[in-house]
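Asks: Contents of entry09.pdb (PDB, C-alpha atoms) are given next:
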ATOM      1  CA  MET A   1     -19.357 -39.317  75.466
ATOM      2  CA  LYS A   2     -22.810 -40.049  74.062
ATOM      3  CA  ARG A   3     -23.376 -43.540  72.721
ATOM      4  CA  PRO A   4     -23.497 -43.311  68.889
ATOM      5  CA  THR A   5     -26.858 -44.125  67.299
ATOM      6  CA  ILE A   6     -28.096 -45.182  63.877
ATOM      7  CA  ALA A   7     -29.104 -41.535  63.330
ATOM      8  CA  ASP A   8     -25.508 -40.428  63.904
ATOM      9  CA  ILE A   9     -24.236 -42.983  61.383
ATOM     10  CA  ALA A  10     -26.877 -41.950  58.844
ATOM     11  CA  LYS A  11     -25.908 -38.277  59.198
ATOM     12  CA  ALA A  12     -22.195 -39.028  58.813
ATOM     13  CA  ALA A  13     -22.804 -41.260  55.773
ATOM     14  CA  GLY A  14     -25.366 -38.961  54.164
ATOM     15  CA  VAL A  15     -27.983 -41.717  53.889
ATOM     16  CA  SER A  16     -31.314 -42.551  55.510
ATOM     17  CA  LYS A  17     -31.653 -44.398  58.814
ATOM     18  CA  GLY A  18     -33.364 -47.200  56.872
ATOM     19  CA  ALA A  19     -30.271 -47.642  54.697
ATOM     20  CA  VAL A  20     -28.089 -47.814  57.816
ATOM     21  CA  SER A  21     -30.380 -50.446  59.309
ATOM     22  CA  TYR A  22     -30.229 -52.533  56.131
ATOM     23  CA  ALA A  23     -26.423 -52.300  56.048
ATOM     24  CA  LEU A  24     -25.777 -53.060  59.716
ATOM     25  CA  ASN A  25     -28.209 -55.979  59.781
ATOM     26  CA  ASN A  26     -26.781 -57.401  56.544
ATOM     27  CA  ARG A  27     -30.111 -57.167  54.738
ATOM     28  CA  PRO A  28     -30.704 -56.389  51.063
ATOM     29  CA  GLY A  29     -31.636 -52.848  50.077
ATOM     30  CA  VAL A  30     -28.256 -51.136  49.745
ATOM     31  CA  SER A  31     -25.347 -51.610  47.389
ATOM     32  CA  ALA A  32     -22.166 -53.364  48.445
ATOM     33  CA  ALA A  33     -20.247 -50.078  48.287
ATOM     34  CA  THR A  34     -22.797 -48.275  50.468
ATOM     35  CA  ARG A  35     -22.869 -51.151  52.927
ATOM     36  CA  SER A  36     -19.073 -51.070  53.223
ATOM     37  CA  ARG A  37     -19.064 -47.284  53.746
ATOM     38  CA  ILE A  38     -21.772 -47.457  56.420
ATOM     39  CA  THR A  39     -20.126 -50.281  58.366
ATOM     40  CA  GLY A  40     -16.802 -48.436  58.220
ATOM     41  CA  ILE A  41     -18.356 -45.255  59.635
ATOM     42  CA  ALA A  42     -20.121 -47.271  62.326
ATOM     43  CA  ALA A  43     -16.788 -48.767  63.371
ATOM     44  CA  GLU A  44     -15.133 -45.340  63.450
ATOM     45  CA  LEU A  45     -17.903 -43.957  65.661
ATOM     46  CA  GLY A  46     -17.653 -46.926  68.024
ATOM     47  CA  TRP A  47     -21.212 -48.089  67.393
ATOM     48  CA  ALA A  48     -22.340 -51.486  68.721
ATOM     49  CA  PRO A  49     -25.783 -53.081  68.477
ATOM     50  CA  SER A  50     -28.067 -52.752  71.496
ATOM     51  CA  THR A  51     -28.534 -56.074  73.223
ATOM     52  CA  ALA A  52     -31.948 -54.934  74.453
ATOM     53  CA  ALA A  53     -33.033 -54.097  70.912
ATOM     54  CA  ARG A  54     -31.643 -57.373  69.619
ATOM     55  CA  ALA A  55     -33.584 -59.269  72.296
ATOM     56  CA  LEU A  56     -36.775 -57.596  71.108
ATOM     57  CA  SER A  57     -36.084 -58.356  67.451
ATOM     58  CA  ASP A  58     -34.749 -61.924  67.540
ATOM     59  CA  GLY A  59     -35.329 -63.033  71.142
ATOM     60  CA  ARG A  60     -31.594 -63.319  71.925
ATOM     61  CA  ALA A  61     -30.061 -61.593  74.940
ATOM     62  CA  GLY A  62     -26.480 -62.488  74.015
ATOM     63  CA  ALA A  63     -25.715 -63.754  77.513
ATOM     64  CA  PHE A  64     -25.552 -66.977  79.530
ATOM     65  CA  GLY A  65     -26.341 -67.053  83.238
ATOM     66  CA  LEU A  66     -24.573 -68.766  86.135
ATOM     67  CA  VAL A  67     -25.854 -68.596  89.722
ATOM     68  CA  ILE A  68     -23.608 -69.914  92.481
ATOM     69  CA  ASP A  69     -25.364 -70.813  95.714
ATOM     70  CA  ARG A  70     -22.353 -70.756  98.032
ATOM     71  CA  PRO A  71     -21.258 -68.348 100.785
ATOM     72  CA  ALA A  72     -19.202 -65.501  99.353
ATOM     73  CA  GLU A  73     -16.273 -66.240 101.681
ATOM     74  CA  THR A  74     -16.115 -69.825 100.378
ATOM     75  CA  LEU A  75     -15.995 -68.589  96.789
ATOM     76  CA  ALA A  76     -13.233 -66.135  97.607
ATOM     77  CA  ALA A  77     -11.030 -68.866  99.069
ATOM     78  CA  GLU A  78     -11.589 -71.713  96.617
ATOM     79  CA  PRO A  79      -9.584 -71.735  93.343
ATOM     80  CA  PHE A  80     -12.095 -74.133  91.729
ATOM     81  CA  PHE A  81     -14.562 -71.394  90.780
ATOM     82  CA  ILE A  82     -11.945 -69.073  89.304
ATOM     83  CA  ARG A  83     -10.721 -71.851  87.025
ATOM     84  CA  LEU A  84     -14.269 -72.867  86.148
ATOM     85  CA  ILE A  85     -15.289 -69.330  85.180
ATOM     86  CA  ALA A  86     -12.044 -68.921  83.232
ATOM     87  CA  GLY A  87     -12.942 -72.027  81.209
ATOM     88  CA  ILE A  88     -16.452 -70.727  80.519
ATOM     89  CA  GLN A  89     -15.099 -67.358  79.437
ATOM     90  CA  ASP A  90     -12.453 -68.999  77.261
ATOM     91  CA  GLU A  91     -15.183 -70.852  75.365
ATOM     92  CA  LEU A  92     -17.279 -67.699  74.965
ATOM     93  CA  GLY A  93     -14.166 -65.843  73.811
ATOM     94  CA  THR A  94     -14.853 -62.598  71.987
ATOM     95  CA  GLY A  95     -18.121 -63.883  70.553
ATOM     96  CA  PRO A  96     -21.532 -62.295  71.006
ATOM     97  CA  ALA A  97     -22.401 -64.143  74.241
ATOM     98  CA  SER A  98     -21.212 -62.949  77.645
ATOM     99  CA  LEU A  99     -21.465 -64.479  81.109
ATOM    100  CA  VAL A 100     -23.868 -63.077  83.719
ATOM    101  CA  LEU A 101     -22.741 -64.251  87.174
ATOM    102  CA  GLN A 102     -24.683 -63.910  90.416
ATOM    103  CA  VAL A 103     -24.128 -65.312  93.912
ATOM    104  CA  SER A 104     -27.248 -66.500  95.720
ATOM    105  CA  PRO A 105     -27.718 -66.804  99.498
ATOM    106  CA  ASN A 106     -30.047 -69.818  99.221
ATOM    107  CA  HIS A 107     -31.765 -72.232  96.856
ATOM    108  CA  ASP A 108     -35.128 -70.406  96.729
ATOM    109  CA  THR A 109     -33.451 -67.133  95.777
ATOM    110  CA  GLU A 110     -31.568 -68.955  93.033
ATOM    111  CA  LEU A 111     -34.874 -70.101  91.512
ATOM    112  CA  GLU A 112     -36.215 -66.535  91.655
ATOM    113  CA  ILE A 113     -33.117 -65.281  89.827
ATOM    114  CA  TYR A 114     -33.786 -67.713  86.957
ATOM    115  CA  ARG A 115     -37.423 -66.622  86.757
ATOM    116  CA  ARG A 116     -36.452 -62.939  86.687
ATOM    117  CA  TRP A 117     -33.718 -63.451  84.108
ATOM    118  CA  HIS A 118     -36.131 -65.348  81.867
ATOM    119  CA  ALA A 119     -38.954 -62.811  82.249
ATOM    120  CA  GLU A 120     -36.610 -59.894  81.549
ATOM    121  CA  ARG A 121     -34.858 -61.692  78.651
ATOM    122  CA  ARG A 122     -31.573 -61.156  80.436
ATOM    123  CA  VAL A 123     -30.049 -64.489  79.389
ATOM    124  CA  ASP A 124     -30.487 -67.009  76.580
ATOM    125  CA  GLY A 125     -29.771 -69.971  78.851
ATOM    126  CA  VAL A 126     -28.270 -70.959  82.170
ATOM    127  CA  LEU A 127     -25.592 -73.256  83.582
ATOM    128  CA  LEU A 128     -26.766 -75.237  86.611
ATOM    129  CA  ILE A 129     -23.981 -76.091  89.052
ATOM    130  CA  ASP A 130     -23.925 -78.045  92.336
ATOM    131  CA  LEU A 131     -26.744 -80.377  91.377
ATOM    132  CA  ARG A 132     -28.730 -81.676  94.348
ATOM    133  CA  ASP A 133     -30.761 -84.842  94.759
ATOM    134  CA  HIS A 134     -34.359 -84.132  93.682
ATOM    135  CA  ASP A 135     -33.195 -80.730  92.430
ATOM    136  CA  ALA A 136     -36.142 -78.364  91.897
ATOM    137  CA  ARG A 137     -34.196 -76.354  89.322
ATOM    138  CA  LEU A 138     -34.477 -79.081  86.694
ATOM    139  CA  ASP A 139     -38.274 -78.973  86.467
ATOM    140  CA  ALA A 140     -38.316 -75.193  86.983
ATOM    141  CA  VAL A 141     -36.148 -74.325  83.967
ATOM    142  CA  ALA A 142     -37.985 -76.909  81.850
ATOM    143  CA  ALA A 143     -41.353 -75.356  82.767
ATOM    144  CA  MET A 144     -40.048 -71.892  81.869
ATOM    145  CA  GLY A 145     -38.649 -73.093  78.568
ATOM    146  CA  LEU A 146     -35.278 -71.688  79.630
ATOM    147  CA  PRO A 147     -32.408 -73.554  77.928
ATOM    148  CA  ALA A 148     -30.047 -75.068  80.498
ATOM    149  CA  VAL A 149     -26.996 -77.292  80.827
ATOM    150  CA  VAL A 150     -26.268 -79.190  84.026
ATOM    151  CA  MET A 151     -22.689 -79.146  85.265
ATOM    152  CA  GLY A 152     -22.713 -82.615  86.787
ATOM    153  CA  GLY A 153     -24.509 -85.888  86.312
ATOM    154  CA  PRO A 154     -24.900 -87.488  83.894
ATOM    155  CA  LEU A 155     -28.686 -87.564  84.173
ATOM    156  CA  GLY A 156     -29.706 -88.957  80.787
ATOM    157  CA  ARG A 157     -32.617 -86.526  80.779
ATOM    158  CA  PRO A 158     -33.774 -85.501  77.266
ATOM    159  CA  GLY A 159     -33.584 -81.784  76.630
ATOM    160  CA  LEU A 160     -31.284 -81.166  79.602
ATOM    161  CA  PRO A 161     -27.694 -82.023  78.601
ATOM    162  CA  CYS A 162     -24.959 -82.546  81.178
ATOM    163  CA  ALA A 163     -21.274 -81.718  81.161
ATOM    164  CA  TRP A 164     -19.669 -84.068  83.655
ATOM    165  CA  ILE A 165     -16.415 -85.300  85.176
ATOM    166  CA  ASP A 166     -15.901 -88.940  86.063
ATOM    167  CA  ASP A 167     -15.358 -88.604  89.824
ATOM    168  CA  GLU A 168     -15.913 -92.327  90.324
ATOM    169  CA  ALA A 169     -12.811 -93.135  88.289
ATOM    170  CA  ALA A 170     -10.830 -90.584  90.319
ATOM    171  CA  ILE A 171     -11.933 -92.136  93.628
ATOM    172  CA  ASP A 172     -10.890 -95.578  92.390
ATOM    173  CA  GLU A 173      -7.458 -94.292  91.386
ATOM    174  CA  VAL A 174      -6.863 -92.582  94.752
ATOM    175  CA  LEU A 175      -7.906 -95.576  96.847
ATOM    176  CA  ASP A 176      -5.990 -98.057  94.686
ATOM    177  CA  TYR A 177      -2.909 -95.877  95.167
ATOM    178  CA  LEU A 178      -3.347 -95.646  98.951
ATOM    179  CA  ALA A 179      -4.004 -99.379  99.217
ATOM    180  CA  ALA A 180      -0.793-100.095  97.309
ATOM    181  CA  LEU A 181       1.050 -97.992  99.901
ATOM    182  CA  GLY A 182      -0.349-100.210 102.666
ATOM    183  CA  HIS A 183      -3.074 -97.885 104.002
ATOM    184  CA  ARG A 184      -6.065 -99.624 105.578
ATOM    185  CA  ARG A 185      -7.666 -96.868 107.683
ATOM    186  CA  ILE A 186      -8.849 -93.932 105.570
ATOM    187  CA  VAL A 187     -11.093 -90.936 106.219
ATOM    188  CA  ARG A 188     -12.581 -88.856 103.410
ATOM    189  CA  VAL A 189     -13.412 -85.260 104.367
ATOM    190  CA  ALA A 190     -16.291 -84.518 102.006
ATOM    191  CA  GLY A 191     -18.523 -81.606 101.024
ATOM    192  CA  PRO A 192     -22.196 -81.125 101.927
ATOM    193  CA  ARG A 193     -24.430 -84.195 101.786
ATOM    194  CA  GLU A 194     -27.068 -82.564  99.569
ATOM    195  CA  PHE A 195     -24.803 -82.233  96.526
ATOM    196  CA  MET A 196     -25.102 -85.021  93.982
ATOM    197  CA  HIS A 197     -21.355 -84.994  93.311
ATOM    198  CA  THR A 198     -20.776 -85.612  97.037
ATOM    199  CA  ARG A 199     -23.076 -88.622  96.912
ATOM    200  CA  VAL A 200     -21.437 -89.965  93.741
ATOM    201  CA  ARG A 201     -17.992 -89.752  95.336
ATOM    202  CA  SER A 202     -19.245 -91.249  98.623
ATOM    203  CA  GLU A 203     -20.828 -94.234  96.893
ATOM    204  CA  ALA A 204     -17.673 -94.781  94.824
ATOM    205  CA  PHE A 205     -15.564 -94.458  98.000
ATOM    206  CA  GLU A 206     -17.664 -97.097  99.763
ATOM    207  CA  ARG A 207     -17.483 -99.503  96.820
ATOM    208  CA  ALA A 208     -13.721 -99.102  96.407
ATOM    209  CA  ALA A 209     -13.096 -99.504 100.143
ATOM    210  CA  GLY A 210     -15.103-102.726 100.159
ATOM    211  CA  ARG A 211     -13.291-104.019  97.090
ATOM    212  CA  LEU A 212      -9.906-103.285  98.640
ATOM    213  CA  GLY A 213     -10.766-104.683 102.067
ATOM    214  CA  PHE A 214      -9.950-101.610 104.147
ATOM    215  CA  GLU A 215     -10.131-101.936 107.917
ATOM    216  CA  SER A 216     -12.085 -98.668 108.095
ATOM    217  CA  ALA A 217     -13.263 -96.079 105.545
ATOM    218  CA  GLU A 218     -15.192 -93.175 107.040
ATOM    219  CA  VAL A 219     -16.788 -90.137 105.359
ATOM    220  CA  VAL A 220     -17.000 -86.842 107.304
ATOM    221  CA  HIS A 221     -19.152 -84.056 105.793
ATOM    222  CA  THR A 222     -18.199 -80.363 105.888
ATOM    223  CA  ASP A 223     -18.999 -77.097 104.086
ATOM    224  CA  TYR A 224     -15.711 -77.004 102.080
ATOM    225  CA  SER A 225     -14.247 -74.202 104.230
ATOM    226  CA  ASP A 226     -10.766 -74.206 105.701
ATOM    227  CA  GLU A 227     -12.233 -73.989 109.224
ATOM    228  CA  ALA A 228     -14.411 -77.062 108.677
ATOM    229  CA  GLY A 229     -11.539 -78.965 107.065
ATOM    230  CA  ALA A 230      -9.224 -78.159 109.965
ATOM    231  CA  SER A 231     -11.858 -79.129 112.538
ATOM    232  CA  ALA A 232     -12.575 -82.466 110.840
ATOM    233  CA  ALA A 233      -8.879 -83.267 110.506
ATOM    234  CA  ARG A 234      -8.174 -82.412 114.152
ATOM    235  CA  ARG A 235     -11.065 -84.573 115.343
ATOM    236  CA  VAL A 236      -9.996 -87.712 113.478
ATOM    237  CA  LEU A 237      -6.256 -87.274 114.029
ATOM    238  CA  VAL A 238      -6.618 -87.207 117.823
ATOM    239  CA  SER A 239      -9.083 -90.126 117.900
ATOM    240  CA  ARG A 240      -8.198 -93.405 119.637
ATOM    241  CA  ARG A 241      -7.393 -95.124 116.352
ATOM    242  CA  PRO A 242      -6.575 -92.382 113.817
ATOM    243  CA  PRO A 243      -6.532 -92.953 110.054
ATOM    244  CA  THR A 244      -3.286 -93.413 108.199
ATOM    245  CA  ALA A 245      -4.605 -91.413 105.222
ATOM    246  CA  LEU A 246      -6.973 -88.471 104.710
ATOM    247  CA  VAL A 247      -8.642 -87.636 101.393
ATOM    248  CA  PHE A 248     -10.222 -84.192 100.997
ATOM    249  CA  ASP A 249     -12.946 -82.991  98.627
ATOM    250  CA  ASN A 250     -11.089 -79.759  97.908
ATOM    251  CA  ASP A 251      -7.643 -78.230  98.152
ATOM    252  CA  VAL A 252      -8.495 -75.585 100.763
ATOM    253  CA  MET A 253      -9.459 -78.185 103.391
ATOM    254  CA  ALA A 254      -6.365 -80.257 102.642
ATOM    255  CA  VAL A 255      -4.076 -77.260 103.174
ATOM    256  CA  ALA A 256      -5.866 -76.482 106.457
ATOM    257  CA  ALA A 257      -5.429 -80.117 107.573
ATOM    258  CA  LEU A 258      -1.708 -79.943 106.823
ATOM    259  CA  GLY A 259      -1.484 -77.025 109.249
ATOM    260  CA  VAL A 260      -3.362 -79.049 111.881
ATOM    261  CA  ALA A 261      -0.931 -81.959 111.481
ATOM    262  CA  HIS A 262       2.025 -79.609 112.014
ATOM    263  CA  GLU A 263       0.291 -78.140 115.074
ATOM    264  CA  LEU A 264      -0.225 -81.608 116.584
ATOM    265  CA  GLY A 265       3.306 -82.768 115.828
ATOM    266  CA  ILE A 266       2.033 -85.393 113.391
ATOM    267  CA  SER A 267       4.383 -86.201 110.527
ATOM    268  CA  VAL A 268       3.118 -85.921 106.927
ATOM    269  CA  PRO A 269       3.465 -88.405 105.323
ATOM    270  CA  GLY A 270       5.271 -90.377 108.074
ATOM    271  CA  ASP A 271       2.217 -90.684 110.326
ATOM    272  CA  VAL A 272      -0.589 -89.739 107.938
ATOM    273  CA  SER A 273      -0.826 -89.255 104.174
ATOM    274  CA  LEU A 274      -2.896 -86.423 102.704
ATOM    275  CA  VAL A 275      -4.563 -86.316  99.262
ATOM    276  CA  ALA A 276      -6.503 -83.277  97.978
ATOM    277  CA  TRP A 277      -9.158 -82.924  95.344
ATOM    278  CA  ASP A 278      -8.723 -80.440  92.483
ATOM    279  CA  ASP A 279      -4.998 -79.860  92.196
ATOM    280  CA  SER A 280      -4.152 -76.169  92.366
ATOM    281  CA  VAL A 281      -1.280 -73.809  93.051
ATOM    282  CA  LEU A 282      -2.097 -74.153  96.778
ATOM    283  CA  CYS A 283      -1.209 -77.850  96.609
ATOM    284  CA  ARG A 284       2.122 -77.102  95.000
ATOM    285  CA  LEU A 285       3.201 -74.241  97.289
ATOM    286  CA  VAL A 286       2.749 -75.846 100.732
ATOM    287  CA  ARG A 287       5.357 -78.119 102.285
ATOM    288  CA  PRO A 288       5.172 -80.986 101.950
ATOM    289  CA  ALA A 289       3.492 -80.432  98.607
ATOM    290  CA  LEU A 290       0.103 -82.125  98.445
ATOM    291  CA  SER A 291      -0.733 -85.135  96.339
ATOM    292  CA  ALA A 292      -3.935 -84.210  94.515
ATOM    293  CA  VAL A 293      -6.510 -85.275  91.963
ATOM    294  CA  ARG A 294      -6.097 -83.039  88.938
ATOM    295  CA  ARG A 295      -9.496 -82.571  87.335
ATOM    296  CA  PRO A 296      -9.944 -80.655  84.051
ATOM    297  CA  ILE A 297     -11.840 -77.764  85.658
ATOM    298  CA  ALA A 298     -11.296 -75.169  82.923
ATOM    299  CA  GLU A 299     -12.195 -77.766  80.291
ATOM    300  CA  PHE A 300     -15.301 -78.579  82.347
ATOM    301  CA  GLY A 301     -16.435 -74.949  82.182
ATOM    302  CA  ALA A 302     -15.627 -74.697  78.477
ATOM    303  CA  LEU A 303     -17.543 -77.900  77.703
ATOM    304  CA  ALA A 304     -20.622 -76.696  79.610
ATOM    305  CA  ALA A 305     -20.572 -73.334  77.815
ATOM    306  CA  SER A 306     -20.181 -75.085  74.454
ATOM    307  CA  LEU A 307     -23.144 -77.371  75.153
ATOM    308  CA  LEU A 308     -25.287 -74.392  76.166
ATOM    309  CA  ARG A 309     -24.308 -72.371  73.110
ATOM    310  CA  ARG A 310     -25.190 -75.285  70.835
ATOM    311  CA  THR A 311     -28.484 -75.808  72.686
ATOM    312  CA  VAL A 312     -29.446 -72.145  72.329
ATOM    313  CA  GLU A 313     -28.643 -72.323  68.621
ATOM    314  CA  GLY A 314     -31.152 -75.147  68.244
ATOM    315  CA  GLU A 315     -28.789 -78.101  68.083
ATOM    316  CA  THR A 316     -29.782 -81.320  69.833
ATOM    317  CA  VAL A 317     -26.992 -82.213  72.254
ATOM    318  CA  GLY A 318     -26.583 -84.933  74.858
ATOM    319  CA  ASP A 319     -24.450 -85.578  77.911
ATOM    320  CA  GLU A 320     -20.704 -85.147  77.345
ATOM    321  CA  ARG A 321     -17.780 -86.045  79.620
ATOM    322  CA  THR A 322     -14.519 -84.187  80.079
ATOM    323  CA  PRO A 323     -11.146 -85.927  79.811
ATOM    324  CA  LEU A 324     -10.511 -88.202  82.800
ATOM    325  CA  PRO A 325      -9.027 -86.783  86.032
ATOM    326  CA  MET A 326      -5.588 -87.948  87.094
ATOM    327  CA  LEU A 327      -3.841 -88.370  90.426
ATOM    328  CA  VAL A 328      -0.666 -86.301  90.840
ATOM    329  CA  THR A 329       1.488 -87.752  93.611
ATOM    330  CA  ARG A 330       3.711 -85.479  95.691
ATOM    331  CA  SER A 331       5.428 -85.479  99.073
ATOM    332  CA  SER A 332       2.287 -85.549 101.260
ATOM    333  CA  SER A 333       1.606 -89.231 100.574
ATOM    334  CA  GLY A 334       3.755 -92.262 101.349
ATOM    335  CA  PRO A 335       3.719 -95.789 102.764
ATOM    336  CA  ALA A 336       1.560 -96.448 105.805
ATOM    337  CA  ARG A 337       3.540 -96.735 109.032
TER
END
The structure given in the file should be rewritten as structure tokens.

Replies:
Amino acid sequence: MKRPTIADIAKAAGVSKGAVSYALNNRPGVSAATRSRITGIAAELGWAPSTAARALSDGRAGAFGLVIDRPAETLAAEPFFIRLIAGIQDELGTGPASLVLQVSPNHDTELEIYRRWHAERRVDGVLLIDLRDHDARLDAVAAMGLPAVVMGGPLGRPGLPCAWIDDEAAIDEVLDYLAALGHRRIVRVAGPREFMHTRVRSEAFERAAGRLGFESAEVVHTDYSDEAGASAARRVLVSRRPPTALVFDNDVMAVAALGVAHELGISVPGDVSLVAWDDSVLCRLVRPALSAVRRPIAEFGALAASLLRRTVEGETVGDERTPLPMLVTRSSSGPAR
């Protein structure tokens, strides 16, 4: 069926196209009764304003952009992104702004996507995720004049607000808990080195391990996949002096490591305790169920979308933190043997 136009509404209402335009854009020039009749007919016909036309008239595209620079297979397996996008969408609700999502194969392509979106007026602003050290995106969006919110930090950079989670506090809670159980040899299976959140967690891990006097506290970097998590777990568990506890930067790797422990005949938590990051249904369904850091992922997405909406509307906003993460203890963690 043909998309209804202003001309169709004008014909049905018996008025000029100018009168329809005045009524639908809430401008003076028609009576209240005529305005009500026109808007009612527009609703009956299923008319909606053209986002392209709106972008030409007021500069607004009615959309926010999110580019994820991760392999598609990683995204498919990791619950984090589903919960994050759900939080963003929950904040946008049924309002005028929608989410434009694109997966990028590399960092340079991601920058080109932002440039194209801005040139084509496809989005009013963007959410920047997986912040890197010396991230080129920060200067790029500033040079374009493209409103942006960083999901990470905080950076304390004027004009570029951050929505962030206190991962340092979560690391402290996990290591204090493991230390209280008598663990002194711990390995953290982390994400890629280039991500700022990986560095923040690694620095917090090193500080906490020093404070608690651990015998050893090693960080092993991976790509977040189940294969990499399983490989890292297998390598350290069969070493000459294996750790008594493993901490993982996501739930997928922790579940894979649990399978490796079963394969090797290693008891969880009798021989080794496991703790996952980002509690999810995966952590609750495996046996033994995984202890995990529960971060407010949906709230994180909602906060970032709220900051971007307020920025686009001209409000001056600063860095804002989500509620604190919390450690949920389950059967995969126990006293060190």

Asks: Name the residues within 12 Å of (-11.7, -83.5, 88.5), counting only C-alpha atoms in the file's coordinates, and put them as number ranges by chain.

Replies: A: 80, 83-84, 152, 164-171, 173, 197, 201, 249-251, 276-280, 292-301, 321-328

Asks: Can you write out the residues you just picked, keeping C-alpha atoms, as a PDB file, in the frame of the given file?

Replies:
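Contents of result12.pdb, freshly written:
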ATOM      1  CA  PHE A  80     -12.095 -74.133  91.729  1.00  0.00           C
ATOM      2  CA  ARG A  83     -10.721 -71.851  87.025  1.00  0.00           C
ATOM      3  CA  LEU A  84     -14.269 -72.867  86.148  1.00  0.00           C
ATOM      4  CA  GLY A 152     -22.713 -82.615  86.787  1.00  0.00           C
ATOM      5  CA  TRP A 164     -19.669 -84.068  83.655  1.00  0.00           C
ATOM      6  CA  ILE A 165     -16.415 -85.300  85.176  1.00  0.00           C
ATOM      7  CA  ASP A 166     -15.901 -88.940  86.063  1.00  0.00           C
ATOM      8  CA  ASP A 167     -15.358 -88.604  89.824  1.00  0.00           C
ATOM      9  CA  GLU A 168     -15.913 -92.327  90.324  1.00  0.00           C
ATOM     10  CA  ALA A 169     -12.811 -93.135  88.289  1.00  0.00           C
ATOM     11  CA  ALA A 170     -10.830 -90.584  90.319  1.00  0.00           C
ATOM     12  CA  ILE A 171     -11.933 -92.136  93.628  1.00  0.00           C
ATOM     13  CA  GLU A 173      -7.458 -94.292  91.386  1.00  0.00           C
ATOM     14  CA  HIS A 197     -21.355 -84.994  93.311  1.00  0.00           C
ATOM     15  CA  ARG A 201     -17.992 -89.752  95.336  1.00  0.00           C
ATOM     16  CA  ASP A 249     -12.946 -82.991  98.627  1.00  0.00           C
ATOM     17  CA  ASN A 250     -11.089 -79.759  97.908  1.00  0.00           C
ATOM     18  CA  ASP A 251      -7.643 -78.230  98.152  1.00  0.00           C
ATOM     19  CA  ALA A 276      -6.503 -83.277  97.978  1.00  0.00           C
ATOM     20  CA  TRP A 277      -9.158 -82.924  95.344  1.00  0.00           C
ATOM     21  CA  ASP A 278      -8.723 -80.440  92.483  1.00  0.00           C
ATOM     22  CA  ASP A 279      -4.998 -79.860  92.196  1.00  0.00           C
ATOM     23  CA  SER A 280      -4.152 -76.169  92.366  1.00  0.00           C
ATOM     24  CA  ALA A 292      -3.935 -84.210  94.515  1.00  0.00           C
ATOM     25  CA  VAL A 293      -6.510 -85.275  91.963  1.00  0.00           C
ATOM     26  CA  ARG A 294      -6.097 -83.039  88.938  1.00  0.00           C
ATOM     27  CA  ARG A 295      -9.496 -82.571  87.335  1.00  0.00           C
ATOM     28  CA  PRO A 296      -9.944 -80.655  84.051  1.00  0.00           C
ATOM     29  CA  ILE A 297     -11.840 -77.764  85.658  1.00  0.00           C
ATOM     30  CA  ALA A 298     -11.296 -75.169  82.923  1.00  0.00           C
ATOM     31  CA  GLU A 299     -12.195 -77.766  80.291  1.00  0.00           C
ATOM     32  CA  PHE A 300     -15.301 -78.579  82.347  1.00  0.00           C
ATOM     33  CA  GLY A 301     -16.435 -74.949  82.182  1.00  0.00           C
ATOM     34  CA  ARG A 321     -17.780 -86.045  79.620  1.00  0.00           C
ATOM     35  CA  THR A 322     -14.519 -84.187  80.079  1.00  0.00           C
ATOM     36  CA  PRO A 323     -11.146 -85.927  79.811  1.00  0.00           C
ATOM     37  CA  LEU A 324     -10.511 -88.202  82.800  1.00  0.00           C
ATOM     38  CA  PRO A 325      -9.027 -86.783  86.032  1.00  0.00           C
ATOM     39  CA  MET A 326      -5.588 -87.948  87.094  1.00  0.00           C
ATOM     40  CA  LEU A 327      -3.841 -88.370  90.426  1.00  0.00           C
ATOM     41  CA  VAL A 328      -0.666 -86.301  90.840  1.00  0.00           C
TER      42      VAL A 328
END

Asks: Can you list, as JSON, numbers by chain, every protein, DNA or RNA residue that comes within 8 Å of Val255 of chain A when you count only C-alpha atoms, leaving out same-chain residues fewer than 3 positions away?

Replies: {"A": [226, 251, 252, 258, 259, 282, 283, 286, 290]}

Asks: With all atoms listed in the file as the basis for distance, which of A:Arg3, A:Arg122, A:Arg241, A:Arg234 is at the shortest distance from Glu263 of chain A?

Replies: A:Arg234

Asks: Which neighbours of Ser31 of chain A fall inside 12 Å, counting only C-alpha atoms, when residues of the same chain fewer than 6 positions from it are skipped, and could you give them as JSON, numbers by chain?

Replies: {"A": [19, 20, 22, 23, 37, 38]}

Asks: Step by step, work through what the PyMOL selection byres ((chain A and resi 185) around 12) selects in the shown file, and finish by giving those residues as number ranges by chain.

Replies: A: 175, 178-179, 181-184, 186-188, 209, 212-219, 236-237, 241-247, 271-273, 336-337

Asks: Can you list what the PyMOL selection byres ((chain A and resi 223-225) around 9) grabs from this structure, as a list in words?

Replies: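 Applying the PyMOL selection byres ((chain A and resi 223-225) around 9) to the structure shown produces Glu73, Thr74, Ala77, Glu78, Val189, Ala190, Gly191, Pro192, His221, Thr222, Asp226, Glu227, Ala228, Gly229, Ala230, Asp249, Asn250, Val252, Met253 and Ala256 of chain A.
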
Asks: Find the smallest box with edges along x, y and z containing every listed atom of segment 14-21 of chain A, then add 8 Å on each side and report centre and edge lengths in Å to one decimal, as lines of an AutoDock Vina configuration file.

Replies:
center_x = -29.4
center_y = -44.7
center_z = 56.6
size_x = 24.0
size_y = 27.5
size_z = 21.4

Asks: Step by step: start from the point (5.9, -88.6, 100.5) in the file's coordinates, keep every protein, DNA or RNA residue that has an atom no farther than 10 Å from it, count all atoms listed in the file, and write the set as a ChimeraX atom specification.

Replies: /A:268-270,272-274,288-291,329-335

Asks: Neighbours of Gly65 of chain A within 7 Å (all atoms listed in the file; same-chain residues fewer than 2 positions away dropped), as a list of chain:residue names?

Replies: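 With the cut-off at 7 Å, the set is A:Ala63, A:Val67, A:Leu99, A:Val100, A:Leu101, A:Val123, A:Gly125, A:Val126, A:Leu127.
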